[in-house]
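The structure appears right after this line, and notes come after that.
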Amino acid sequence: YKLKEEIEMEYILNFIVDILKIPSILVGVMAMLGLLFQTKPFTDVVKGTVKTILGFIVLGGGAGVLVGALSPMGAMFEQGFNVQGIVPNNEAIVSMALKEYGTITALIMALGMFFNIFIARFTKLKYIFLTGHHTLYMACMIAIILKVGGFEGTLLVVIGSLALGLVMAIFPAMAQPYMRKITGSDDVGFGHFSTIGYVLSGMVGSLVGKGSKSTEEMKLPKNLSFLRDSSISISLTMMAIYLILALVAGREFVETNLSGGDNYLVFAVIQAITFAAGVYIILAGVRLVLAEIVPAFVGFSEKLVPNAKPALDCPIVFPYAPNAVLIGFLCSFLGGIVGLIMLGMLKWTLILPGVVPHFFTGATAGVFGNSTGGRRGAALGSFANGLLLTFLPVILLPVLGNLGFANTTFSDTDFATVGIILGNMSKSLSPIVISVIIVAITAILVVLGFIPSKTKK
């Protein structure tokens, strides 16, 4: 009977996690609760909830189109330049780890979301992290590291959840000064665990971008005015890149392995335009989400967590600087290539530049860099992000190697940073000491939350 009860509990936990890790459902539930807290009419609740979910499905559909178009690009790059190494991939390492650590991850994720709301309510970090799949990945990494570090049972779940709740509030707070610059308001937070790369990009932009015009200020001759349309400029730029990679990889490789027999140059052109279509769909989805989630979150601000902000996934910033999105991707990928060359010279483990992580994080870094340093900030800031995406996973590898994941690693900067810190703490400190540190950090944040902020006269 007890075994049956445990199996049922595990099934319920996995069911909850399966729901919460889907961004559209998670954000839809939050929008619904926010509207209910405002005692909105039933029709408004239904409309707001459905349109929020619809917006995220559109956004996710655009991301799927993008990933599908980028995959052949990565394959052509590896074939054309004959390089082999580790391609960091969050999904790959998490799917491996969940087989053994699934239940612990589910408990930490569910309770971690509660602690995120607790921290937002009682501290000055007023951010509700709503990127469900990233919450799952971070919960999984924390669960593995703490478990191997000697944590067991209730202590493992509570301290792991508290650590997750902290990072879900701290990283959006780090990004918010730049979000205010990007969006021109303080309504929306940023929830994507590559924040350190974005903050670095913003800092680089502020250092190098004095006098540099925004990426969105394009002065072109009349006969080139069509390039002001970001969809056209993205299509043409990516077309040139895809065609070069197709030529380098060779006709036989592309037509045999990627295009299904279609002409390799035609395939390259179609993939480039498909890429631009993915960006277009993402922008449409983001606009739809923002139109619904911000008003709905007034309910949390008024009833549950005063001044709460929804911390949303990285494409949320794309509409504010579409040209910076493309510049950021290309410069971040270039940073990854330069980092790869440096790793080869140092004779360290080679980290290949994954096209998908460099697009999403590089594009976002470009928007952050542009907000503080215009075109130079977008280019150099995202280049710095590309270097960070290369070197942080190398530093994380020894920790993961000890855990049995030597041939794979996380791709985004915040996962690597949290993993390096927690992993090294677990090596040198006892579970009790680590627990005291995490509880103390939370307690300090709560105490500071009750101290009134100084207001300017």
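Numbering starts fresh at 1 for the residues of each chain in the structure tokens, the chains themselves are lettered A, B, ... in the order given, and ligands are numbered from 1 as they appear.
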
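The residues of region 62-224 of chain A that DSSP assigns to strand (DSSP E) on this backbone come out as Tyr127, Ile128, Phe129, Gly189 and Phe190 of chain A.
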
Could you write out, as a CSV table (one decimal) with C-alpha atoms, in the first residue's frame, all the residues of region 257-407 of chain A that DSSP marks as alpha helix (DSSP H)?
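See out07.csv below for the written result:
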chain,number,residue,atom,x,y,z
A,257,ASN,CA,22.3,14.6,-45.1
A,264,TYR,CA,21.9,22.6,-51.9
A,265,LEU,CA,21.9,26.3,-52.9
A,266,VAL,CA,18.1,26.4,-53.1
A,267,PHE,CA,18.0,24.6,-49.7
A,268,ALA,CA,20.3,27.3,-48.2
A,269,VAL,CA,18.1,30.1,-49.5
A,270,ILE,CA,14.9,28.5,-48.1
A,271,GLN,CA,16.5,28.0,-44.7
A,272,ALA,CA,17.6,31.6,-44.6
A,273,ILE,CA,14.1,32.9,-45.3
A,274,THR,CA,12.6,30.3,-42.9
A,275,PHE,CA,14.9,31.8,-40.2
A,276,ALA,CA,13.5,35.3,-40.9
A,277,ALA,CA,10.0,33.8,-40.8
A,278,GLY,CA,10.7,32.4,-37.3
A,279,VAL,CA,11.9,35.8,-36.1
A,280,TYR,CA,8.7,37.4,-37.5
A,281,ILE,CA,6.5,34.9,-35.7
A,282,ILE,CA,8.3,35.4,-32.4
A,283,LEU,CA,7.8,39.1,-32.6
A,284,ALA,CA,4.1,38.7,-33.2
A,285,GLY,CA,3.8,36.3,-30.3
A,286,VAL,CA,5.7,38.7,-27.9
A,287,ARG,CA,3.4,41.6,-28.8
A,288,LEU,CA,0.3,39.4,-28.1
A,289,VAL,CA,1.7,38.2,-24.7
A,290,LEU,CA,2.7,41.7,-23.5
A,291,ALA,CA,-0.7,43.1,-24.3
A,292,GLU,CA,-2.3,40.5,-21.9
A,293,ILE,CA,0.2,39.6,-19.2
A,294,VAL,CA,1.1,43.1,-18.0
A,295,PRO,CA,-2.6,44.2,-17.2
A,296,ALA,CA,-3.2,40.7,-15.7
A,298,VAL,CA,-1.9,44.1,-11.7
A,299,GLY,CA,-3.8,41.5,-9.7
A,322,PRO,CA,15.0,43.8,-34.3
A,323,ASN,CA,18.3,44.8,-36.0
A,324,ALA,CA,20.2,44.3,-32.8
A,325,VAL,CA,18.8,40.8,-32.7
A,326,LEU,CA,20.6,39.9,-36.0
A,327,ILE,CA,23.8,41.8,-35.1
A,328,GLY,CA,23.8,40.1,-31.7
A,329,PHE,CA,23.5,36.6,-33.1
A,330,LEU,CA,26.3,37.0,-35.6
A,331,CYS,CA,28.7,38.7,-33.2
A,332,SER,CA,28.0,36.2,-30.4
A,333,PHE,CA,28.6,33.3,-32.9
A,334,LEU,CA,31.8,35.1,-34.0
A,335,GLY,CA,32.8,35.3,-30.3
A,336,GLY,CA,32.2,31.5,-30.0
A,337,ILE,CA,34.5,30.9,-33.0
A,338,VAL,CA,37.2,33.1,-31.5
A,339,GLY,CA,36.8,31.3,-28.2
A,340,LEU,CA,37.0,27.9,-29.9
A,341,ILE,CA,40.3,29.0,-31.5
A,342,MET,CA,41.6,30.2,-28.1
A,343,LEU,CA,40.6,26.9,-26.4
A,344,GLY,CA,42.5,25.0,-29.2
A,345,MET,CA,45.6,27.2,-28.6
A,346,LEU,CA,45.4,26.5,-24.8
A,355,VAL,CA,24.0,27.9,-33.3
A,356,VAL,CA,20.7,27.8,-31.3
A,357,PRO,CA,22.1,29.1,-27.9
A,358,HIS,CA,24.2,31.7,-29.7
A,359,PHE,CA,21.1,32.9,-31.5
A,360,PHE,CA,18.8,33.2,-28.5
A,361,THR,CA,21.4,34.5,-26.0
A,362,GLY,CA,23.4,36.4,-28.7
A,363,ALA,CA,20.3,38.2,-30.0
A,364,THR,CA,19.3,39.1,-26.5
A,365,ALA,CA,22.8,40.3,-25.6
A,366,GLY,CA,22.7,42.5,-28.8
A,367,VAL,CA,19.5,44.2,-27.6
A,368,PHE,CA,21.0,44.7,-24.1
A,369,GLY,CA,24.3,46.1,-25.6
A,370,ASN,CA,22.4,48.4,-28.0
A,371,SER,CA,20.4,49.8,-25.1
A,372,THR,CA,23.5,51.2,-23.5
A,373,GLY,CA,26.0,51.6,-26.4
A,374,GLY,CA,24.1,51.6,-29.7
A,375,ARG,CA,25.6,49.7,-32.6
A,376,ARG,CA,29.1,49.3,-31.0
A,377,GLY,CA,27.5,48.1,-27.8
A,378,ALA,CA,25.4,45.5,-29.6
A,379,ALA,CA,28.4,44.2,-31.6
A,380,LEU,CA,31.0,44.1,-28.9
A,381,GLY,CA,28.6,43.3,-26.0
A,382,SER,CA,27.3,40.2,-27.8
A,383,PHE,CA,30.8,39.3,-28.9
A,384,ALA,CA,31.7,39.2,-25.1
A,385,ASN,CA,28.6,37.1,-24.5
A,386,GLY,CA,29.9,34.6,-27.1
A,387,LEU,CA,33.3,34.3,-25.3
A,388,LEU,CA,31.4,33.8,-22.0
A,389,LEU,CA,29.3,31.0,-23.6
A,390,THR,CA,32.6,29.3,-24.6
A,391,PHE,CA,34.7,29.6,-21.5
A,392,LEU,CA,32.1,29.2,-18.7
A,393,PRO,CA,31.1,25.7,-19.9
A,394,VAL,CA,34.8,24.7,-19.8
A,395,ILE,CA,35.1,25.7,-16.2
A,396,LEU,CA,31.8,23.9,-15.4
A,397,LEU,CA,32.9,20.7,-17.0
A,398,PRO,CA,35.1,19.4,-14.1
A,399,VAL,CA,32.0,19.7,-11.8
A,400,LEU,CA,29.8,17.8,-14.2
A,401,GLY,CA,32.5,15.3,-14.9
A,402,ASN,CA,32.5,14.3,-11.3

Surrounding residues of region 15-30 of chain A excluding itself and chain neighbours under 2 positions, 7 Å, only C-alpha atoms, as a list of chain:residue names: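 These residues fall inside the cut-off: A:Tyr11, A:Ile12, A:Leu13, A:Met32, A:Leu33, A:Gly34, A:Thr49, A:Thr52, A:Ile53, A:Phe56, A:Ile57, A:Ala106, A:Leu130, A:Thr131, A:Gly132, A:His133, A:Leu136.
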
Applying 7 Å and only C-alpha atoms, which residues near Cys314 (chain A) remain after dropping the ones on its own chain fewer than 4 positions away? List them as a PDB file with C-alpha atoms, in the first residue's frame.
ATOM      1  CA  PHE A 190      13.423  39.446 -17.538  1.00  0.00           C
ATOM      2  CA  GLY A 191      13.458  35.705 -16.848  1.00  0.00           C
ATOM      3  CA  HIS A 192      16.074  33.747 -18.795  1.00  0.00           C
ATOM      4  CA  THR A 364      19.293  39.136 -26.516  1.00  0.00           C
TER       5      THR A 364
END

Spatial neighbours of region 422-435 of chain A, max dist 9 Å, only C-alpha atoms, sep filter under 2 positions, as JSON, numbers by chain: {"A": [142, 145, 146, 148, 149, 150, 151, 155, 156, 159, 396, 399, 400, 417, 418, 419, 420, 437, 438, 439, 440]}

May I have the residues from that selection written out with N, CA and C atoms, as a short mmCIF file (atom, residue, chain, number, x, y, z; two decimals), in the first residue's frame?
data_model
loop_
_atom_site.label_atom_id
_atom_site.label_comp_id
_atom_site.auth_asym_id
_atom_site.auth_seq_id
_atom_site.Cartn_x
_atom_site.Cartn_y
_atom_site.Cartn_z
N ILE A 142 20.52 21.94 -9.70
CA ILE A 142 20.66 22.09 -8.25
C ILE A 142 20.46 20.76 -7.55
N ILE A 145 23.63 18.48 -8.04
CA ILE A 145 24.83 18.93 -7.32
C ILE A 145 24.68 18.75 -5.82
N LEU A 146 23.51 19.11 -5.28
CA LEU A 146 23.31 18.96 -3.83
C LEU A 146 23.25 17.50 -3.42
N VAL A 148 24.73 14.91 -4.86
CA VAL A 148 26.10 14.37 -4.88
C VAL A 148 26.93 14.99 -3.75
N GLY A 149 26.56 16.22 -3.34
CA GLY A 149 27.28 16.89 -2.26
C GLY A 149 26.91 16.40 -0.87
N GLY A 150 26.01 15.41 -0.77
CA GLY A 150 25.70 14.82 0.52
C GLY A 150 24.35 15.18 1.10
N PHE A 151 23.56 15.98 0.41
CA PHE A 151 22.23 16.33 0.90
C PHE A 151 21.29 15.14 0.73
N LEU A 155 16.01 17.93 3.80
CA LEU A 155 17.01 19.00 3.69
C LEU A 155 17.36 19.27 2.23
N LEU A 156 17.51 18.22 1.45
CA LEU A 156 17.81 18.36 0.03
C LEU A 156 16.72 19.15 -0.69
N ILE A 159 16.39 23.03 0.92
CA ILE A 159 17.52 23.91 0.58
C ILE A 159 17.64 24.06 -0.93
N LEU A 396 32.84 24.75 -16.00
CA LEU A 396 31.81 23.91 -15.38
C LEU A 396 32.08 22.41 -15.59
N VAL A 399 33.12 19.94 -12.76
CA VAL A 399 32.04 19.67 -11.80
C VAL A 399 31.11 18.61 -12.36
N LEU A 400 30.69 18.79 -13.61
CA LEU A 400 29.77 17.84 -14.23
C LEU A 400 30.43 16.49 -14.46
N THR A 417 27.33 29.42 -14.07
CA THR A 417 27.79 30.17 -12.88
C THR A 417 27.27 29.53 -11.60
N VAL A 418 25.96 29.26 -11.56
CA VAL A 418 25.37 28.63 -10.36
C VAL A 418 25.99 27.25 -10.15
N GLY A 419 26.19 26.50 -11.23
CA GLY A 419 26.78 25.16 -11.13
C GLY A 419 28.20 25.20 -10.58
N ILE A 420 29.00 26.16 -11.07
CA ILE A 420 30.39 26.29 -10.60
C ILE A 420 30.41 26.64 -9.11
N ILE A 437 24.30 29.03 4.92
CA ILE A 437 24.61 30.14 4.01
C ILE A 437 23.39 30.53 3.19
N ILE A 438 22.68 29.54 2.62
CA ILE A 438 21.52 29.83 1.78
C ILE A 438 20.38 30.43 2.59
N VAL A 439 20.14 29.88 3.79
CA VAL A 439 19.09 30.44 4.67
C VAL A 439 19.46 31.85 5.11
N ALA A 440 20.75 32.08 5.41
CA ALA A 440 21.20 33.40 5.85
C ALA A 440 21.01 34.45 4.74
#

For CA of Asp186 (chain A) and CA of Ala31 (chain A), the interatomic separation in Å (one decimal): 18.0 Å

Coordinates-based distance that separates CA of Phe253 (chain A) from CA of Val83 (chain A) (Å, one decimal):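 The value is 15.3 Å.
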
Determine, for each residue of region 110-161 of chain A having at least one atom at most 8 Å from an atom of region 444-448 of chain A, the closest pair of atoms and their separation in Å to one decimal, counting only C-alpha atoms; order by chain and ascending number, as CSV.
residue,atom,partner,partner_atom,distance
A:Ile119,CA,A:Val446,CA,7.4
A:Phe122,CA,A:Val446,CA,5.6
A:Thr123,CA,A:Val446,CA,4.8
A:Lys124,CA,A:Leu448,CA,7.5

Dump N, CA and C atoms for the selected residues as a CSV table (one decimal), in the first residue's frame?
chain,number,residue,atom,x,y,z
A,119,ILE,N,9.8,35.1,-1.7
A,119,ILE,CA,10.9,36.1,-1.8
A,119,ILE,C,10.4,37.4,-2.4
A,122,PHE,N,8.3,39.2,0.3
A,122,PHE,CA,8.9,39.7,1.5
A,122,PHE,C,10.2,40.4,1.4
A,123,THR,N,10.7,40.5,0.1
A,123,THR,CA,12.0,41.2,-0.1
A,123,THR,C,11.8,42.2,-1.2
A,124,LYS,N,12.8,42.9,-1.6
A,124,LYS,CA,12.7,44.0,-2.6
A,124,LYS,C,12.9,43.4,-4.0
